[in-house]
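*Asks:* Sharing a structure, written as structure tokens. Questions coming.
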Amino acid sequence: MAVLFDSDFVRTGMIENQLHSISDTSGTVQSWVDGELIYDETVTAENATADDSDPQARGMNWGKLNSCLASAGVPAWVAAGLSNICAIACLITAGAGCVICIAGVIGFSGGVVYACVERAWE
């Protein structure tokens, strides 16, 4: 969960993500923005890479990111969910928002995630 504040420390929004394992290769991914469910999908390791023609995927090579995260112990189905939850943050912040989003979703340190995002950003 992330709570967003403006420069006067007034709460401007809240984002909540939940990932639940179904098996070693699949799970459910849900995301809420300000209490409204915006994403609710079952993802699998097979759909761990985004189609490069998808505008949300431009800039991030999700295959490289998923491989890097997998080497750090992140299950492939979690990486698949990341491409759906975090693609917009990556796109509009030229990569800076990726680290925050991905680290928040998977619970890994920002350093591990930053290194993977840096390698995968094109």
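Within each chain, counting starts at residue 1; across the structure tokens, chains are named A, B, ... in the order shown, with ligands numbered 1 upward in that order.
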Please provide as JSON, numbers by chain all residues within 10 Å of Ala120 in chain A, with the sequence filter that same-chain residues fewer than 6 positions apart are discarded (counting only C-alpha atoms).
*Replies:* {"A": [59, 60, 61, 62, 63, 64, 65, 66, 67, 68, 95, 114]}
*Asks:* Which of these residues is nearest to Ala45 in chain A, using only C-alpha atoms: A:Glu16, A:Ala72, A:Ala79, A:Thr28?
*Replies:*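 Checking each candidate against Ala45 in chain A, we get A:Ala79 as the closest.
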*Asks:* So how many Å separate CA of Asp8 in chain A and CA of Val33 in chain A, to one decimal?
*Replies:*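 Going from CA of Asp8 in chain A over to CA of Val33 in chain A covers 20.9 Å.
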